[in-house]
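First comes the structure, then the notes that go with it.
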Amino acid sequence: MDKKDEGIVRTRFAPSPTGYMHVGNLRTALYCYLIARKLKGTFVVRIEDTDRNRFIEDAEKVIFDTLKVCNLDYDEGPNKEGKVGPYKQSERVKQGIYLKYAKQLVEQGDAYYCFCGKEEIEEETCENNAFEKFKCNCPNLTKEEIENNIKQGKPYVIRQRIPEGKTSFVDAIYGTIEVDNSELEDMILIKSDGYPTYNFANIIDDHLMNITHVVRGCEYLSSTPKYTLLYKALGWNEPIYIHCPHITDEEHKKLSKRLGHASVNNLLKEGFLPQAIVNYIALLGWSPEDGQEILSLSQLIEEFDYHKIHKSSSVFDLKKFKWMNGEYYKAMSSEEFFEFIKPQLNRFPTEYSYEELADLLQERIECYSDIDNVLDFINELPDYTNEIFENQKLKVTKDIALEMLTKILPILEKTNDYSKDNITNVVKEFITEQNVKNGQVLWPLRAALSGKMSSAGGAYELFVVFKKDESIRRIKTAIQKLSEELK
RNA sequence: GCUCUCAUCGUCUAGUGGCCUAGGACACCAGCCUCUCACGUUGGCAACACGGGUUCAAAUCCCGUUGGGAGUACCA
């Protein structure tokens, strides 16, 4: 990245508090964070809460909790005041920051008061083509007319006055984009409730907060020319724009709230690790030079280069994401994984070994919902038929199974230490004694313990899970069933 | 509709005119390992949207077509 920018870079994550964090949002935050950290700059968080109709309790908490759990620490923001605060737009409104600049623009002739109500605009545009732009006479009102209207208490908004000509701006990803100003609408800067619109507050704050790199979704690409015009009118320099392509679902549509995996919070609840989430979304629309796919946050900081962000959108592939999460599970120590998965184990009998259960899960699950599949032999024995004792490849028949189980049962009953090491020794000793193949003992044991053709873990692991009582009970059941049939 | 924008295996991607009979990863399939499953490992399947140019040479540059996405709010 640009060495010359080192130390002076300021990026900002500017979410509006909607009550949930979209993975696209998180990726934007991540890219902001990476750029700031890579260039030893400053990462700012600013809350854009100018929509008073959409106030949601605890919405900000979701944002900060998510950033925290993902380790994206910020340098300035709410509860971390810097020199250019406050960092909540609703508080900035109270200081009259936005109105001041709006009035300045009106003075200059770059904005105007508009007294048209929402209803009449809607009526007008409905009668004509729905796509047609609304035109009123407000831009041409005289000073006296305006003053009169205001005196009468007529509600008004302040709109940007779009000049004639063409406007172009440069985006770091998409290059130069030019549009004819006739395509641009006189957008509202100040709403009738006195609050600024997102568009206006955004550029004012980005400038006042000395933001150098503006990272946002590419849905803003089409409104950026309007911002360019505003910057020009105010005589300010534009930041570097970095518009990121969208993250989509399998149908190539914008990831919607309905889909569980659009929400970071849901992902967390489903057992996805923050590091895996961060790692995966970083790779949606960007990839490191060496092609490595498993990257820690510090590796991401090292490798990230915003110039290499793609132009085309990418699909959020749950399968690959699950794979990656599984990789993170496997990379944990068994102690770490045990602590992580413990709360999910509550629904299994407490007399069983949770440690061994966790061990069985670690290499077999990629998120919580896989657990029941893997541990389906725990509570019941659904496929418990005598057929499971037969295995042609291992030369195991029901007779042999019955014989082995019957012979080993007294040994198991005498054994009290059901630790992995000991139980392994006991069984191995028996195998040697009998002079048979491993499988001829282990297969019947595994089948008896799990009651299934296939199970997570082998005979030894299952002994450890069930410990003595349940192990004996299951083997006795197997013996009984087999002898009933073979009588 | 209009404006902007995008286009390599099913998906994430490497690729910036010759190194490409297009590489990697997920998924899928097969072999090996093995007391089953899983893990691991080895191999396989599979793509430059289409049509024109430019060039000795194009996935890479230009134009068009088709297809996708976004915007078009007193939402952000």
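To be explicit about the labels: the chains of the structure tokens are called A, B, and onward in the order shown, and within each one the residues are counted from 1, while ligands get numbers from 1 in the order they are shown.
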Determine, counting only C-alpha atoms (C1' of nucleotides), which protein, DNA and RNA residues have an atom within 8 Å of an atom of Lys88 in chain A; residues of the same chain fewer than 3 positions away are not included. Present the result as a PyMOL selection string.
chain A and resi 46-49+78+85+91-92
Serialized selection, C-alpha atoms, as a PDB file, in the first residue's frame:
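out03.pdb, written as the output of this step:
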```pdb
ATOM      1  CA  ARG A  46     -19.033   6.762  14.126  1.00  0.00           C
ATOM      2  CA  ILE A  47     -22.670   6.023  14.823  1.00  0.00           C
ATOM      3  CA  GLU A  48     -25.018   7.316  12.152  1.00  0.00           C
ATOM      4  CA  ASP A  49     -28.268   7.578  14.017  1.00  0.00           C
ATOM      5  CA  PRO A  78     -18.273   6.596  21.343  1.00  0.00           C
ATOM      6  CA  GLY A  85     -16.006  14.076  18.636  1.00  0.00           C
ATOM      7  CA  GLU A  91     -25.220  14.413  19.403  1.00  0.00           C
ATOM      8  CA  ARG A  92     -23.622  16.358  16.616  1.00  0.00           C
TER       9      ARG A  92
END
```
Enumerate the residues of range 348-433 of chain A with a DSSP assignment of alpha helix (DSSP H), computed from the backbone, and present them as an mmCIF file with N, CA and C atoms, in the first residue's frame.
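Output (part-v9.cif):
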```
data_model
loop_
_atom_site.group_PDB
_atom_site.id
_atom_site.type_symbol
_atom_site.label_atom_id
_atom_site.label_comp_id
_atom_site.auth_asym_id
_atom_site.auth_seq_id
_atom_site.Cartn_x
_atom_site.Cartn_y
_atom_site.Cartn_z
ATOM 1 N N TYR A 354 -17.530 -36.047 29.289
ATOM 2 C CA TYR A 354 -17.625 -34.901 28.373
ATOM 3 C C TYR A 354 -16.316 -34.640 27.644
ATOM 4 N N GLU A 355 -15.225 -34.906 28.329
ATOM 5 C CA GLU A 355 -13.929 -34.680 27.679
ATOM 6 C C GLU A 355 -13.793 -35.544 26.433
ATOM 7 N N GLU A 356 -14.182 -36.802 26.562
ATOM 8 C CA GLU A 356 -14.052 -37.688 25.415
ATOM 9 C C GLU A 356 -15.049 -37.307 24.330
ATOM 10 N N LEU A 357 -16.234 -36.898 24.758
ATOM 11 C CA LEU A 357 -17.241 -36.442 23.798
ATOM 12 C C LEU A 357 -16.690 -35.273 22.974
ATOM 13 N N ALA A 358 -16.052 -34.345 23.675
ATOM 14 C CA ALA A 358 -15.469 -33.186 22.989
ATOM 15 C C ALA A 358 -14.398 -33.643 22.009
ATOM 16 N N ASP A 359 -13.591 -34.624 22.438
ATOM 17 C CA ASP A 359 -12.555 -35.144 21.548
ATOM 18 C C ASP A 359 -13.153 -35.737 20.280
ATOM 19 N N LEU A 360 -14.273 -36.459 20.472
ATOM 20 C CA LEU A 360 -14.923 -37.048 19.302
ATOM 21 C C LEU A 360 -15.419 -35.957 18.357
ATOM 22 N N LEU A 361 -15.887 -34.862 18.931
ATOM 23 C CA LEU A 361 -16.474 -33.799 18.109
ATOM 24 C C LEU A 361 -15.432 -32.979 17.362
ATOM 25 N N GLN A 362 -14.297 -32.793 18.007
ATOM 26 C CA GLN A 362 -13.357 -31.810 17.476
ATOM 27 C C GLN A 362 -13.022 -31.989 15.997
ATOM 28 N N ILE A 371 -23.478 -31.428 15.704
ATOM 29 C CA ILE A 371 -23.262 -32.232 16.910
ATOM 30 C C ILE A 371 -24.208 -33.427 17.003
ATOM 31 N N ASP A 372 -25.486 -33.172 16.787
ATOM 32 C CA ASP A 372 -26.447 -34.258 16.949
ATOM 33 C C ASP A 372 -26.177 -35.405 15.989
ATOM 34 N N ASN A 373 -25.735 -35.058 14.810
ATOM 35 C CA ASN A 373 -25.401 -36.076 13.832
ATOM 36 C C ASN A 373 -24.270 -36.962 14.316
ATOM 37 N N VAL A 374 -23.269 -36.327 14.854
ATOM 38 C CA VAL A 374 -22.082 -37.059 15.279
ATOM 39 C C VAL A 374 -22.359 -37.904 16.523
ATOM 40 N N LYS A 398 -22.116 -63.120 12.980
ATOM 41 C CA LYS A 398 -22.840 -62.974 14.237
ATOM 42 C C LYS A 398 -22.320 -63.967 15.275
ATOM 43 N N ASP A 399 -21.967 -65.150 14.821
ATOM 44 C CA ASP A 399 -21.443 -66.153 15.758
ATOM 45 C C ASP A 399 -20.167 -65.679 16.417
ATOM 46 N N ILE A 400 -19.269 -65.191 15.578
ATOM 47 C CA ILE A 400 -17.997 -64.727 16.130
ATOM 48 C C ILE A 400 -18.227 -63.555 17.069
ATOM 49 N N ALA A 401 -19.113 -62.640 16.632
ATOM 50 C CA ALA A 401 -19.404 -61.481 17.469
ATOM 51 C C ALA A 401 -19.906 -61.921 18.833
ATOM 52 N N LEU A 402 -20.844 -62.840 18.813
ATOM 53 C CA LEU A 402 -21.396 -63.331 20.080
ATOM 54 C C LEU A 402 -20.318 -63.992 20.931
ATOM 55 N N GLU A 403 -19.504 -64.761 20.280
ATOM 56 C CA GLU A 403 -18.438 -65.467 21.009
ATOM 57 C C GLU A 403 -17.472 -64.485 21.676
ATOM 58 N N MET A 404 -17.036 -63.489 20.884
ATOM 59 C CA MET A 404 -16.066 -62.530 21.411
ATOM 60 C C MET A 404 -16.650 -61.708 22.549
ATOM 61 N N LEU A 405 -17.868 -61.260 22.335
ATOM 62 C CA LEU A 405 -18.501 -60.423 23.365
ATOM 63 C C LEU A 405 -18.690 -61.206 24.657
ATOM 64 N N THR A 406 -19.114 -62.457 24.492
ATOM 65 C CA THR A 406 -19.348 -63.271 25.685
ATOM 66 C C THR A 406 -18.056 -63.521 26.442
ATOM 67 N N LYS A 407 -16.989 -63.734 25.668
ATOM 68 C CA LYS A 407 -15.707 -64.036 26.313
ATOM 69 C C LYS A 407 -15.103 -62.815 27.004
ATOM 70 N N ILE A 408 -15.284 -61.644 26.384
ATOM 71 C CA ILE A 408 -14.610 -60.460 26.945
ATOM 72 C C ILE A 408 -15.405 -59.830 28.076
ATOM 73 N N LEU A 409 -16.704 -60.150 28.134
ATOM 74 C CA LEU A 409 -17.559 -59.508 29.139
ATOM 75 C C LEU A 409 -17.030 -59.651 30.578
ATOM 76 N N PRO A 410 -16.689 -60.858 31.020
ATOM 77 C CA PRO A 410 -16.198 -60.988 32.398
ATOM 78 C C PRO A 410 -14.933 -60.189 32.665
ATOM 79 N N ILE A 411 -14.099 -60.087 31.624
ATOM 80 C CA ILE A 411 -12.864 -59.306 31.783
ATOM 81 C C ILE A 411 -13.209 -57.831 32.000
ATOM 82 N N LEU A 412 -14.172 -57.373 31.203
ATOM 83 C CA LEU A 412 -14.575 -55.972 31.318
ATOM 84 C C LEU A 412 -15.236 -55.696 32.653
ATOM 85 N N GLU A 413 -15.939 -56.697 33.144
ATOM 86 C CA GLU A 413 -16.614 -56.525 34.431
ATOM 87 C C GLU A 413 -15.613 -56.454 35.575
ATOM 88 N N LYS A 414 -14.515 -57.144 35.393
ATOM 89 C CA LYS A 414 -13.479 -57.125 36.431
ATOM 90 C C LYS A 414 -12.690 -55.816 36.418
ATOM 91 N N LYS A 420 -8.588 -44.380 28.836
ATOM 92 C CA LYS A 420 -8.228 -44.785 27.483
ATOM 93 C C LYS A 420 -7.066 -45.777 27.490
ATOM 94 N N ASP A 421 -6.022 -45.421 28.203
ATOM 95 C CA ASP A 421 -4.822 -46.265 28.211
ATOM 96 C C ASP A 421 -5.128 -47.662 28.742
ATOM 97 N N ASN A 422 -5.802 -47.680 29.852
ATOM 98 C CA ASN A 422 -6.024 -48.967 30.487
ATOM 99 C C ASN A 422 -6.969 -49.854 29.682
ATOM 100 N N ILE A 423 -8.064 -49.289 29.248
ATOM 101 C CA ILE A 423 -9.042 -50.090 28.527
ATOM 102 C C ILE A 423 -8.437 -50.607 27.227
ATOM 103 N N THR A 424 -7.571 -49.790 26.621
ATOM 104 C CA THR A 424 -6.891 -50.222 25.404
ATOM 105 C C THR A 424 -6.003 -51.425 25.695
ATOM 106 N N ASN A 425 -5.266 -51.352 26.778
ATOM 107 C CA ASN A 425 -4.401 -52.467 27.160
ATOM 108 C C ASN A 425 -5.190 -53.741 27.427
ATOM 109 N N VAL A 426 -6.277 -53.578 28.162
ATOM 110 C CA VAL A 426 -7.094 -54.731 28.511
ATOM 111 C C VAL A 426 -7.607 -55.437 27.257
ATOM 112 N N VAL A 427 -8.134 -54.655 26.336
ATOM 113 C CA VAL A 427 -8.713 -55.246 25.130
ATOM 114 C C VAL A 427 -7.623 -55.854 24.251
ATOM 115 N N LYS A 428 -6.503 -55.145 24.154
ATOM 116 C CA LYS A 428 -5.407 -55.663 23.320
ATOM 117 C C LYS A 428 -4.889 -57.009 23.859
ATOM 118 N N GLU A 429 -4.822 -57.057 25.140
ATOM 119 C CA GLU A 429 -4.372 -58.284 25.784
ATOM 120 C C GLU A 429 -5.312 -59.433 25.408
ATOM 121 N N PHE A 430 -6.576 -59.139 25.457
ATOM 122 C CA PHE A 430 -7.583 -60.136 25.105
ATOM 123 C C PHE A 430 -7.428 -60.593 23.651
ATOM 124 N N ILE A 431 -7.170 -59.650 22.793
ATOM 125 C CA ILE A 431 -7.008 -59.980 21.372
ATOM 126 C C ILE A 431 -5.815 -60.916 21.177
ATOM 127 N N THR A 432 -4.718 -60.586 21.830
ATOM 128 C CA THR A 432 -3.529 -61.420 21.728
ATOM 129 C C THR A 432 -3.811 -62.827 22.252
ATOM 130 N N GLU A 433 -4.440 -62.858 23.363
ATOM 131 C CA GLU A 433 -4.790 -64.119 24.002
ATOM 132 C C GLU A 433 -5.610 -65.015 23.079
#
```
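Take CA of Lys166 in chain A and CA of Val106 in chain A: the distance between them is 21.4 Å.
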Straight-line distance linking CA of His207 in chain A with CA of Leu105 in chain A, stated in Å to one decimal:
15.5 Å
Compile the residues of chain B that lie within 8 Å of chain A, evaluated using only C-alpha atoms (C1' of nucleotides), and express the compilation as an NGL selection string.
:B and (1-4 or 6-7 or 11-14 or 24-27 or 35-39 or 68-72 or 74-76)
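The gap separating CA of Thr11 in chain A from CA of His213 in chain A is 5.3 Å, in Å to one decimal.
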So which bits of range 68-129 of chain A end up strand (DSSP E or B) when you DSSP the backbone, as an MDAnalysis selection string?
chainID A and resid 76:77 80 88 111:114
